[in-house]
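Trainee: Quick one: structure below, then a few questions.
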Amino acid sequence: MFPTRLLTLLLCLASINLLAQRTPIDSSLMLNWEEYDPPSTLVVPETEVTHAKFPFIDVHSHHWRMATQDLDLLIRQMDTMNMGIVVNLSGRGGQALKDIMDHVNASEHKNRIVCFTNIELRSIDEEDWLENTLKQLEFDVSIGARGLKIYKSQGMTNTDKDGNRIRINDPRIAPVWAKCGELGIPVIIHSADPPSFWEPHDENNERWLELKLRPNRKRDADNPAPFETILGEAHDIFRQHRGTTFISAHMSWYANDLERLGQFLDDNPNVVVEIGAVIAELGRQPRMANRFFEQYQDRVLFGKDSYQPNEYPTYFRVLESDDEYFPYYKRYHAFWRMYGLNLPDEVLKKLYYKNALRVIPGLDASLFED
């Protein structure tokens, strides 16, 4: 017994001696988590991708002053990225759209710039709202609109005369979706927001920093409604109007759950998706994303959303390269690193332009290789 006790005592003394020799923690050193963003020491190949491998169509862009915009400058910027066609979703409709189309058609670039129109839902209670809206759609298409864009506010924050949220699947709007099918134009719809915006704003929320910097983006069950409710209302109209083609923006906010997105596409053959503002989700799951693009290569379009030329190379790098562990350009969107998908050429061509040529009417196919 004695040797065992002695051995235990000696081990304890040795541990105490080691602890005494250890450098004490300097509790005065403090670093804000938001500031901690060290450069990676990982030494791996890095690919500089300044322009797309193939000409591409950006189906989700916003140019609010296109009626007076310097279109020559826009085209020069597009050329540096190998962008063949830009789709301006902010056409407004009516006279505002006509002003845009007149400006575009008077330029040398009318085959490079496409506009979608918009409608107003907040006047839905007016007696002649539907008649006027359908007439506007017909007029807008007659002067060059190639589709209809529905903003997230239409279905989230737009209210009727009684202050009630206008649900995007309100039966009064149904003739609009049917009219788009009749006119042969797609409807691109932004429904809801990233699901993390509905989660508690705490240490378990991946969008913690974004919600701190943009507190107006925080949602909850009654602001304005649950995530699944809002998204489900859009899904209702997809199912009810099979004769109309819909583009579900931002991969329908399922880019972090590609198995679910695949099931959604299987259930809705009249729907395609675009990748605007979700490239960081794809870039952190390269194997799963590769399998998704292989299976659904005919159902995904290229979109960016915010038109910032310096941000496009990150999209190209994720889609085209096999680079590892590189940063996204907005840390408050994605504090994680990304990986290149190295998509096959045929998949890239479908993503960059072939699918858009099929979905959006009247695009100039001669701008593209095939």
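Ordering of the structure tokens sets the chain letters (A, B, ...); residue numbers start at 1 within each chain; ligands are numbered from 1 in the order shown.
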Can you tell me, as a short mmCIF file (atom, residue, chain, number, x, y, z; two decimals) with N, CA and C atoms, in the first residue's frame, what residues are no more than 7 Å from region 255-261 of chain A when counting only C-alpha atoms, ignoring any on the same chain fewer than 2 positions away?
Mentor:
```
data_model
loop_
_atom_site.label_atom_id
_atom_site.label_comp_id
_atom_site.auth_asym_id
_atom_site.auth_seq_id
_atom_site.Cartn_x
_atom_site.Cartn_y
_atom_site.Cartn_z
N MET A 251 -32.03 30.29 -55.29
CA MET A 251 -32.19 28.84 -55.10
C MET A 251 -33.29 28.53 -54.09
N TRP A 253 -33.79 29.70 -51.39
CA TRP A 253 -33.21 29.66 -50.04
C TRP A 253 -33.00 28.24 -49.52
N GLN A 263 -35.66 17.84 -54.28
CA GLN A 263 -37.04 17.35 -54.16
C GLN A 263 -38.03 18.42 -54.60
N PHE A 264 -37.73 19.67 -54.24
CA PHE A 264 -38.58 20.79 -54.67
C PHE A 264 -38.64 20.88 -56.19
N LEU A 265 -37.49 20.75 -56.85
CA LEU A 265 -37.48 20.80 -58.31
C LEU A 265 -38.19 19.60 -58.92
N VAL A 278 -26.16 33.19 -53.18
CA VAL A 278 -26.01 31.95 -52.41
C VAL A 278 -24.74 31.18 -52.81
N GLU A 281 -22.91 29.42 -50.04
CA GLU A 281 -23.46 28.14 -49.59
C GLU A 281 -22.95 27.00 -50.46
N LEU A 282 -22.90 27.22 -51.77
CA LEU A 282 -22.42 26.18 -52.68
C LEU A 282 -20.94 25.92 -52.48
N PHE A 292 -25.33 17.81 -57.08
CA PHE A 292 -26.57 18.53 -57.39
C PHE A 292 -26.53 19.07 -58.82
#
```
Trainee: Residues within 8 Å of region 323-329 of chain A, please, as JSON, numbers by chain. Count only C-alpha atoms; anything in the same chain fewer than 5 positions from it doesn't count.
Mentor: {"A": [44, 45, 46, 47, 280, 311, 314, 317, 318, 334, 335, 336, 337, 338, 339, 340]}
Trainee: Could you list, as a ChimeraX atom specification, every residue within 8 Å of Asn270 (chain A), counting only C-alpha atoms and ignoring same-chain residues fewer than 2 positions away?
Mentor: /A:238,242-246,268,272
Trainee: Generate a file of the selected residues that holds N, CA and C atoms, formatted as a PDB file, in the first residue's frame.
Mentor:
```pdb
ATOM      1  N   PHE A 238     -46.657  28.085 -57.747  1.00  0.00           N
ATOM      2  CA  PHE A 238     -45.922  27.233 -58.686  1.00  0.00           C
ATOM      3  C   PHE A 238     -46.761  26.006 -59.048  1.00  0.00           C
ATOM      4  N   ARG A 242     -49.059  25.501 -63.556  1.00  0.00           N
ATOM      5  CA  ARG A 242     -48.066  24.675 -64.242  1.00  0.00           C
ATOM      6  C   ARG A 242     -47.762  25.177 -65.640  1.00  0.00           C
ATOM      7  N   GLY A 243     -48.662  25.969 -66.209  1.00  0.00           N
ATOM      8  CA  GLY A 243     -48.442  26.499 -67.546  1.00  0.00           C
ATOM      9  C   GLY A 243     -47.574  27.740 -67.588  1.00  0.00           C
ATOM     10  N   THR A 244     -47.127  28.190 -66.431  1.00  0.00           N
ATOM     11  CA  THR A 244     -46.256  29.367 -66.331  1.00  0.00           C
ATOM     12  C   THR A 244     -44.888  28.927 -65.819  1.00  0.00           C
ATOM     13  N   THR A 245     -43.849  29.474 -66.405  1.00  0.00           N
ATOM     14  CA  THR A 245     -42.486  29.176 -65.957  1.00  0.00           C
ATOM     15  C   THR A 245     -42.096  30.155 -64.861  1.00  0.00           C
ATOM     16  N   PHE A 246     -41.607  29.622 -63.747  1.00  0.00           N
ATOM     17  CA  PHE A 246     -41.149  30.446 -62.630  1.00  0.00           C
ATOM     18  C   PHE A 246     -39.656  30.235 -62.410  1.00  0.00           C
ATOM     19  N   ASN A 268     -41.818  20.318 -58.898  1.00  0.00           N
ATOM     20  CA  ASN A 268     -42.274  21.501 -59.635  1.00  0.00           C
ATOM     21  C   ASN A 268     -41.538  21.608 -60.971  1.00  0.00           C
ATOM     22  N   VAL A 272     -37.429  26.738 -62.328  1.00  0.00           N
ATOM     23  CA  VAL A 272     -35.969  26.678 -62.317  1.00  0.00           C
ATOM     24  C   VAL A 272     -35.496  27.603 -61.206  1.00  0.00           C
TER      25      VAL A 272
END
```
Trainee: Can you tell me which residues surround Glu108 (chain A) at a distance of at most 10 Å, considering only C-alpha atoms, apart from same-chain residues fewer than 2 positions away, and format the answer as a ChimeraX atom specification?
Mentor: /A:71-72,75,104-106,110-112
Trainee: Save out the residues we just selected, N, CA and C atoms, as a tab-separated table (two decimals), in the first residue's frame.
Mentor:
```
chain	number	residue	atom	x	y	z
A	71	LEU	N	-24.75	53.32	-70.98
A	71	LEU	CA	-24.78	51.92	-71.42
A	71	LEU	C	-23.45	51.48	-72.01
A	72	ASP	N	-22.70	52.41	-72.58
A	72	ASP	CA	-21.37	52.06	-73.10
A	72	ASP	C	-20.47	51.59	-71.96
A	75	ILE	N	-21.55	48.08	-70.84
A	75	ILE	CA	-21.10	47.03	-71.76
A	75	ILE	C	-19.61	46.78	-71.61
A	104	VAL	N	-32.35	51.91	-74.33
A	104	VAL	CA	-31.61	50.70	-74.73
A	104	VAL	C	-31.67	50.53	-76.25
A	105	ASN	N	-32.84	50.69	-76.83
A	105	ASN	CA	-33.01	50.46	-78.27
A	105	ASN	C	-32.29	51.50	-79.12
A	106	ALA	N	-32.05	52.68	-78.53
A	106	ALA	CA	-31.33	53.73	-79.25
A	106	ALA	C	-29.82	53.50	-79.21
A	110	LYS	N	-28.59	46.82	-77.86
A	110	LYS	CA	-29.93	46.36	-77.49
A	110	LYS	C	-30.05	44.84	-77.40
A	111	ASN	N	-29.13	44.11	-78.03
A	111	ASN	CA	-29.17	42.65	-77.91
A	111	ASN	C	-28.41	42.15	-76.67
A	112	ARG	N	-27.79	43.08	-75.93
A	112	ARG	CA	-27.01	42.70	-74.75
A	112	ARG	C	-27.73	43.02	-73.44
```
Trainee: Quick one: distance from CA of Ser248 (chain A) to CA of Ile188 (chain A) in Å, one decimal?
Mentor: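 For CA of Ser248 (chain A) relative to CA of Ile188 (chain A), the distance reads 5.9 Å.
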Trainee: So, counting only C-alpha atoms, which residue among A:Thr117, A:Ser27, A:Asn158, A:Asn169 is closest to Ile185 (chain A)?
Mentor: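 Using only C-alpha atoms, the shortest distance to Ile185 (chain A) belongs to A:Thr117.
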Trainee: Of the candidates A:Cys180, A:Met78, A:Ala221, A:Cys115, which one gets nearest to Phe197 (chain A) if we count only C-alpha atoms?
Mentor: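 Among the listed residues, the smallest separation from Phe197 (chain A) belongs to A:Ala221.
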Trainee: Would you kindly return, as a ChimeraX atom specification, each protein, DNA or RNA residue with an atom no farther than 12 Å from any atom of Glu369 (chain A), considering only C-alpha atoms and excluding same-chain residues fewer than 6 positions away?
Mentor: /A:53-56,84,346,349-350,352-354
Trainee: Since we have the selection now, will you write its residues out, keeping all heavy atoms, as a CSV table (one decimal), in the first residue's frame?
Mentor:
```csv
chain,number,residue,atom,x,y,z
A,53,LYS,N,-15.4,31.5,-68.0
A,53,LYS,CA,-14.8,30.7,-69.0
A,53,LYS,C,-15.6,30.7,-70.3
A,53,LYS,O,-15.0,30.6,-71.4
A,53,LYS,CB,-14.7,29.2,-68.5
A,53,LYS,CG,-14.0,28.3,-69.4
A,53,LYS,CD,-13.8,26.9,-68.8
A,53,LYS,CE,-13.0,26.0,-69.7
A,53,LYS,NZ,-12.9,24.6,-69.0
A,54,PHE,N,-16.9,30.9,-70.2
A,54,PHE,CA,-17.8,31.0,-71.3
A,54,PHE,C,-18.6,32.2,-71.1
A,54,PHE,O,-18.9,32.7,-70.0
A,54,PHE,CB,-18.7,29.7,-71.4
A,54,PHE,CG,-18.0,28.4,-71.5
A,54,PHE,CD1,-17.9,27.6,-70.4
A,54,PHE,CD2,-17.3,28.1,-72.6
A,54,PHE,CE1,-17.2,26.4,-70.4
A,54,PHE,CE2,-16.6,26.9,-72.7
A,54,PHE,CZ,-16.6,26.0,-71.6
A,55,PRO,N,-19.1,32.8,-72.2
A,55,PRO,CA,-20.0,33.9,-72.1
A,55,PRO,C,-21.2,33.5,-71.3
A,55,PRO,O,-21.7,32.4,-71.4
A,55,PRO,CB,-20.4,34.2,-73.6
A,55,PRO,CG,-19.4,33.6,-74.4
A,55,PRO,CD,-18.9,32.4,-73.6
A,56,PHE,N,-21.7,34.5,-70.4
A,56,PHE,CA,-22.8,34.1,-69.5
A,56,PHE,C,-23.9,35.1,-69.5
A,56,PHE,O,-23.7,36.3,-70.0
A,56,PHE,CB,-22.3,33.9,-68.1
A,56,PHE,CG,-21.8,35.1,-67.4
A,56,PHE,CD1,-22.6,35.8,-66.5
A,56,PHE,CD2,-20.5,35.6,-67.6
A,56,PHE,CE1,-22.2,36.9,-65.8
A,56,PHE,CE2,-20.1,36.7,-66.9
A,56,PHE,CZ,-20.9,37.4,-66.0
A,84,GLY,N,-22.4,38.1,-71.5
A,84,GLY,CA,-23.0,38.3,-72.8
A,84,GLY,C,-24.3,39.1,-72.8
A,84,GLY,O,-24.5,40.0,-73.6
A,346,GLU,N,-19.8,21.3,-70.0
A,346,GLU,CA,-21.2,21.2,-70.4
A,346,GLU,C,-22.1,21.7,-69.3
A,346,GLU,O,-23.1,22.4,-69.6
A,346,GLU,CB,-21.6,19.8,-70.9
A,346,GLU,CG,-22.9,19.7,-71.5
A,346,GLU,CD,-23.1,20.7,-72.7
A,346,GLU,OE1,-22.1,21.0,-73.4
A,346,GLU,OE2,-24.3,21.1,-72.9
A,349,LYS,N,-21.8,25.5,-69.3
A,349,LYS,CA,-22.5,26.2,-70.4
A,349,LYS,C,-24.0,26.3,-70.1
A,349,LYS,O,-24.6,27.3,-70.4
A,349,LYS,CB,-22.2,25.4,-71.7
A,349,LYS,CG,-20.8,25.6,-72.2
A,349,LYS,CD,-20.6,24.7,-73.5
A,349,LYS,CE,-19.2,24.8,-74.0
A,349,LYS,NZ,-19.0,24.0,-75.3
A,350,LYS,N,-24.5,25.2,-69.6
A,350,LYS,CA,-26.0,25.3,-69.2
A,350,LYS,C,-26.2,26.3,-68.2
A,350,LYS,O,-27.2,27.1,-68.3
A,350,LYS,CB,-26.4,23.9,-68.8
A,350,LYS,CG,-26.5,22.9,-69.9
A,350,LYS,CD,-27.0,21.5,-69.4
A,350,LYS,CE,-27.1,20.5,-70.6
A,350,LYS,NZ,-27.6,19.2,-70.1
A,352,TYR,N,-24.3,28.9,-67.4
A,352,TYR,CA,-24.0,30.3,-67.8
A,352,TYR,C,-24.9,30.8,-68.9
A,352,TYR,O,-25.2,32.0,-68.9
A,352,TYR,CB,-22.6,30.3,-68.4
A,352,TYR,CG,-21.5,30.4,-67.3
A,352,TYR,CD1,-20.2,30.0,-67.6
A,352,TYR,CD2,-21.7,31.0,-66.1
A,352,TYR,CE1,-19.2,30.1,-66.6
A,352,TYR,CE2,-20.7,31.1,-65.1
A,352,TYR,CZ,-19.4,30.7,-65.4
A,352,TYR,OH,-18.5,30.8,-64.5
A,353,TYR,N,-25.4,30.0,-69.8
A,353,TYR,CA,-26.3,30.6,-70.8
A,353,TYR,C,-27.3,29.7,-71.5
A,353,TYR,O,-28.4,30.2,-71.8
A,353,TYR,CB,-25.4,31.2,-72.0
A,353,TYR,CG,-24.6,30.2,-72.8
A,353,TYR,CD1,-25.1,29.6,-73.9
A,353,TYR,CD2,-23.3,29.9,-72.4
A,353,TYR,CE1,-24.3,28.7,-74.7
A,353,TYR,CE2,-22.5,29.0,-73.2
A,353,TYR,CZ,-23.0,28.4,-74.3
A,353,TYR,OH,-22.3,27.6,-75.0
A,354,LYS,N,-27.1,28.4,-71.6
A,354,LYS,CA,-28.0,27.5,-72.3
A,354,LYS,C,-29.4,27.5,-71.6
A,354,LYS,O,-30.4,27.6,-72.3
A,354,LYS,CB,-27.4,26.1,-72.4
A,354,LYS,CG,-26.3,26.0,-73.5
A,354,LYS,CD,-26.0,24.5,-73.7
A,354,LYS,CE,-24.9,24.4,-74.8
A,354,LYS,NZ,-24.6,23.0,-75.0
```
Trainee: Write out as number ranges by chain all residues of region 39-195 of chain A that backbone DSSP assigns to helix (DSSP H, G or I).
Mentor: A: 71-81, 94-105, 129-142, 171-183, 195
Trainee: Keeping only C-alpha atoms, write the selected residues to a file as a JSON list (two decimals), in the first residue's frame.
Mentor:
```
[["chain", "number", "residue", "atom", "x", "y", "z"],
["A", 71, "LEU", "CA", -24.78, 51.92, -71.42],
["A", 72, "ASP", "CA", -21.37, 52.06, -73.10],
["A", 73, "LEU", "CA", -19.75, 51.88, -69.68],
["A", 74, "LEU", "CA", -22.03, 49.03, -68.65],
["A", 75, "ILE", "CA", -21.10, 47.03, -71.76],
["A", 76, "ARG", "CA", -17.38, 47.63, -71.20],
["A", 77, "GLN", "CA", -17.74, 46.28, -67.69],
["A", 78, "MET", "CA", -19.71, 43.29, -68.96],
["A", 79, "ASP", "CA", -17.07, 42.57, -71.59],
["A", 80, "THR", "CA", -14.30, 42.39, -68.98],
["A", 81, "MET", "CA", -16.29, 39.65, -67.21],
["A", 94, "GLY", "CA", -45.50, 51.32, -68.04],
["A", 95, "GLN", "CA", -43.91, 54.61, -68.97],
["A", 96, "ALA", "CA", -40.85, 53.97, -66.80],
["A", 97, "LEU", "CA", -40.15, 50.76, -68.72],
["A", 98, "LYS", "CA", -40.75, 52.52, -72.03],
["A", 99, "ASP", "CA", -38.16, 55.14, -71.11],
["A", 100, "ILE", "CA", -35.68, 52.35, -70.38],
["A", 101, "MET", "CA", -36.45, 50.47, -73.58],
["A", 102, "ASP", "CA", -36.19, 53.63, -75.67],
["A", 103, "HIS", "CA", -32.75, 54.29, -74.19],
["A", 104, "VAL", "CA", -31.61, 50.70, -74.73],
["A", 105, "ASN", "CA", -33.01, 50.46, -78.27],
["A", 129, "TRP", "CA", -56.57, 46.79, -60.25],
["A", 130, "LEU", "CA", -56.65, 43.48, -62.09],
["A", 131, "GLU", "CA", -57.81, 44.94, -65.41],
["A", 132, "ASN", "CA", -55.13, 47.65, -65.30],
["A", 133, "THR", "CA", -52.41, 45.21, -64.22],
["A", 134, "LEU", "CA", -53.14, 42.78, -67.05],
["A", 135, "LYS", "CA", -53.22, 45.63, -69.57],
["A", 136, "GLN", "CA", -49.89, 46.88, -68.25],
["A", 137, "LEU", "CA", -48.37, 43.40, -68.63],
["A", 138, "GLU", "CA", -49.52, 43.20, -72.24],
["A", 139, "PHE", "CA", -48.18, 46.67, -72.98],
["A", 140, "ASP", "CA", -44.85, 45.97, -71.27],
["A", 141, "VAL", "CA", -44.32, 42.78, -73.24],
["A", 142, "SER", "CA", -45.25, 44.61, -76.46],
["A", 171, "PRO", "CA", -56.49, 34.37, -55.42],
["A", 172, "ARG", "CA", -56.92, 37.90, -56.79],
["A", 173, "ILE", "CA", -53.39, 37.74, -58.20],
["A", 174, "ALA", "CA", -53.87, 34.36, -59.88],
["A", 175, "PRO", "CA", -54.86, 35.85, -63.28],
["A", 176, "VAL", "CA", -51.48, 37.60, -63.39],
["A", 177, "TRP", "CA", -49.60, 34.30, -63.25],
["A", 178, "ALA", "CA", -51.90, 32.84, -65.86],
["A", 179, "LYS", "CA", -51.38, 35.88, -68.10],
["A", 180, "CYS", "CA", -47.59, 35.45, -67.90],
["A", 181, "GLY", "CA", -48.01, 31.87, -69.07],
["A", 182, "GLU", "CA", -50.25, 33.06, -71.91],
["A", 183, "LEU", "CA", -47.70, 35.70, -72.92],
["A", 195, "PRO", "CA", -33.98, 30.98, -42.90]]
```
Trainee: Using only C-alpha atoms, which of the listed residues (A:Leu341, A:Ile230, A:His62, A:Ala225) sits closest to Pro286 (chain A)?
Mentor: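 So, comparing all the options, the nearest one is A:Leu341.
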Trainee: If DSSP is run on the backbone, what residues of region 123-285 of chain A are strand (DSSP E)? A reply as an MDAnalysis selection string would be ideal.
Mentor: chainID A and resid 148:150 187:189 246:248 271:274
Trainee: Save the residues we just selected, N, CA and C atoms, as a PDB file, in the first residue's frame?
Mentor:
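Written output follows (again34.pdb):
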```pdb
ATOM      1  N   LEU A 148     -41.421  38.917 -65.797  1.00  0.00           N
ATOM      2  CA  LEU A 148     -41.951  39.674 -64.667  1.00  0.00           C
ATOM      3  C   LEU A 148     -41.127  39.358 -63.426  1.00  0.00           C
ATOM      4  N   LYS A 149     -40.730  40.388 -62.717  1.00  0.00           N
ATOM      5  CA  LYS A 149     -40.001  40.228 -61.460  1.00  0.00           C
ATOM      6  C   LYS A 149     -40.923  40.555 -60.298  1.00  0.00           C
ATOM      7  N   ILE A 150     -40.980  39.643 -59.312  1.00  0.00           N
ATOM      8  CA  ILE A 150     -41.720  39.866 -58.077  1.00  0.00           C
ATOM      9  C   ILE A 150     -40.713  40.041 -56.949  1.00  0.00           C
ATOM     10  N   VAL A 187     -41.699  34.232 -64.734  1.00  0.00           N
ATOM     11  CA  VAL A 187     -41.832  35.058 -63.536  1.00  0.00           C
ATOM     12  C   VAL A 187     -40.695  34.701 -62.596  1.00  0.00           C
ATOM     13  N   ILE A 188     -39.827  35.670 -62.293  1.00  0.00           N
ATOM     14  CA  ILE A 188     -38.795  35.433 -61.287  1.00  0.00           C
ATOM     15  C   ILE A 188     -39.286  36.011 -59.969  1.00  0.00           C
ATOM     16  N   ILE A 189     -39.298  35.194 -58.951  1.00  0.00           N
ATOM     17  CA  ILE A 189     -39.888  35.599 -57.680  1.00  0.00           C
ATOM     18  C   ILE A 189     -38.902  35.398 -56.539  1.00  0.00           C
ATOM     19  N   PHE A 246     -41.607  29.622 -63.747  1.00  0.00           N
ATOM     20  CA  PHE A 246     -41.149  30.446 -62.630  1.00  0.00           C
ATOM     21  C   PHE A 246     -39.656  30.235 -62.410  1.00  0.00           C
ATOM     22  N   ILE A 247     -38.979  31.324 -62.083  1.00  0.00           N
ATOM     23  CA  ILE A 247     -37.580  31.278 -61.650  1.00  0.00           C
ATOM     24  C   ILE A 247     -37.583  31.597 -60.161  1.00  0.00           C
ATOM     25  N   SER A 248     -37.275  30.631 -59.350  1.00  0.00           N
ATOM     26  CA  SER A 248     -37.246  30.853 -57.902  1.00  0.00           C
ATOM     27  C   SER A 248     -35.872  31.414 -57.531  1.00  0.00           C
ATOM     28  N   VAL A 271     -40.499  25.017 -62.662  1.00  0.00           N
ATOM     29  CA  VAL A 271     -39.667  25.941 -61.891  1.00  0.00           C
ATOM     30  C   VAL A 271     -38.188  25.665 -62.149  1.00  0.00           C
ATOM     31  N   VAL A 272     -37.429  26.738 -62.328  1.00  0.00           N
ATOM     32  CA  VAL A 272     -35.969  26.678 -62.317  1.00  0.00           C
ATOM     33  C   VAL A 272     -35.496  27.603 -61.206  1.00  0.00           C
ATOM     34  N   VAL A 273     -34.225  27.525 -60.861  1.00  0.00           N
ATOM     35  CA  VAL A 273     -33.680  28.380 -59.812  1.00  0.00           C
ATOM     36  C   VAL A 273     -32.457  29.111 -60.338  1.00  0.00           C
ATOM     37  N   GLU A 274     -32.050  30.148 -59.620  1.00  0.00           N
ATOM     38  CA  GLU A 274     -30.807  30.866 -59.956  1.00  0.00           C
ATOM     39  C   GLU A 274     -29.984  31.041 -58.699  1.00  0.00           C
TER      40      GLU A 274
END
```
Trainee: How far is it from CA of Ser123 (chain A) to CA of Gly93 (chain A), in Å with one decimal?
Mentor: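 The value is 15.0 Å.
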Trainee: Within 8 Å of Ile275 (chain A), counting only C-alpha atoms, which residues qualify if same-chain residues fewer than 6 places away don't, as a list in words?
Mentor: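 Counting only C-alpha atoms, the residues come to Ala249, His250, Met251, Val300, Leu301, Phe302, Gly303 and Lys304 of chain A.
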Trainee: Write out as a list in words which residues come within 9 Å of Ile360 (chain A) when counting only C-alpha atoms, dropping same-chain ones fewer than 6 positions away.
Mentor: Val59, Arg146, Gly147, Gly184, Ile185 and Pro186 of chain A
Trainee: Interatomic distance between CA of Asp364 (chain A) and CA of Ser321 (chain A)?
Mentor: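 Separation of CA of Asp364 (chain A) and CA of Ser321 (chain A): 28.0 Å.
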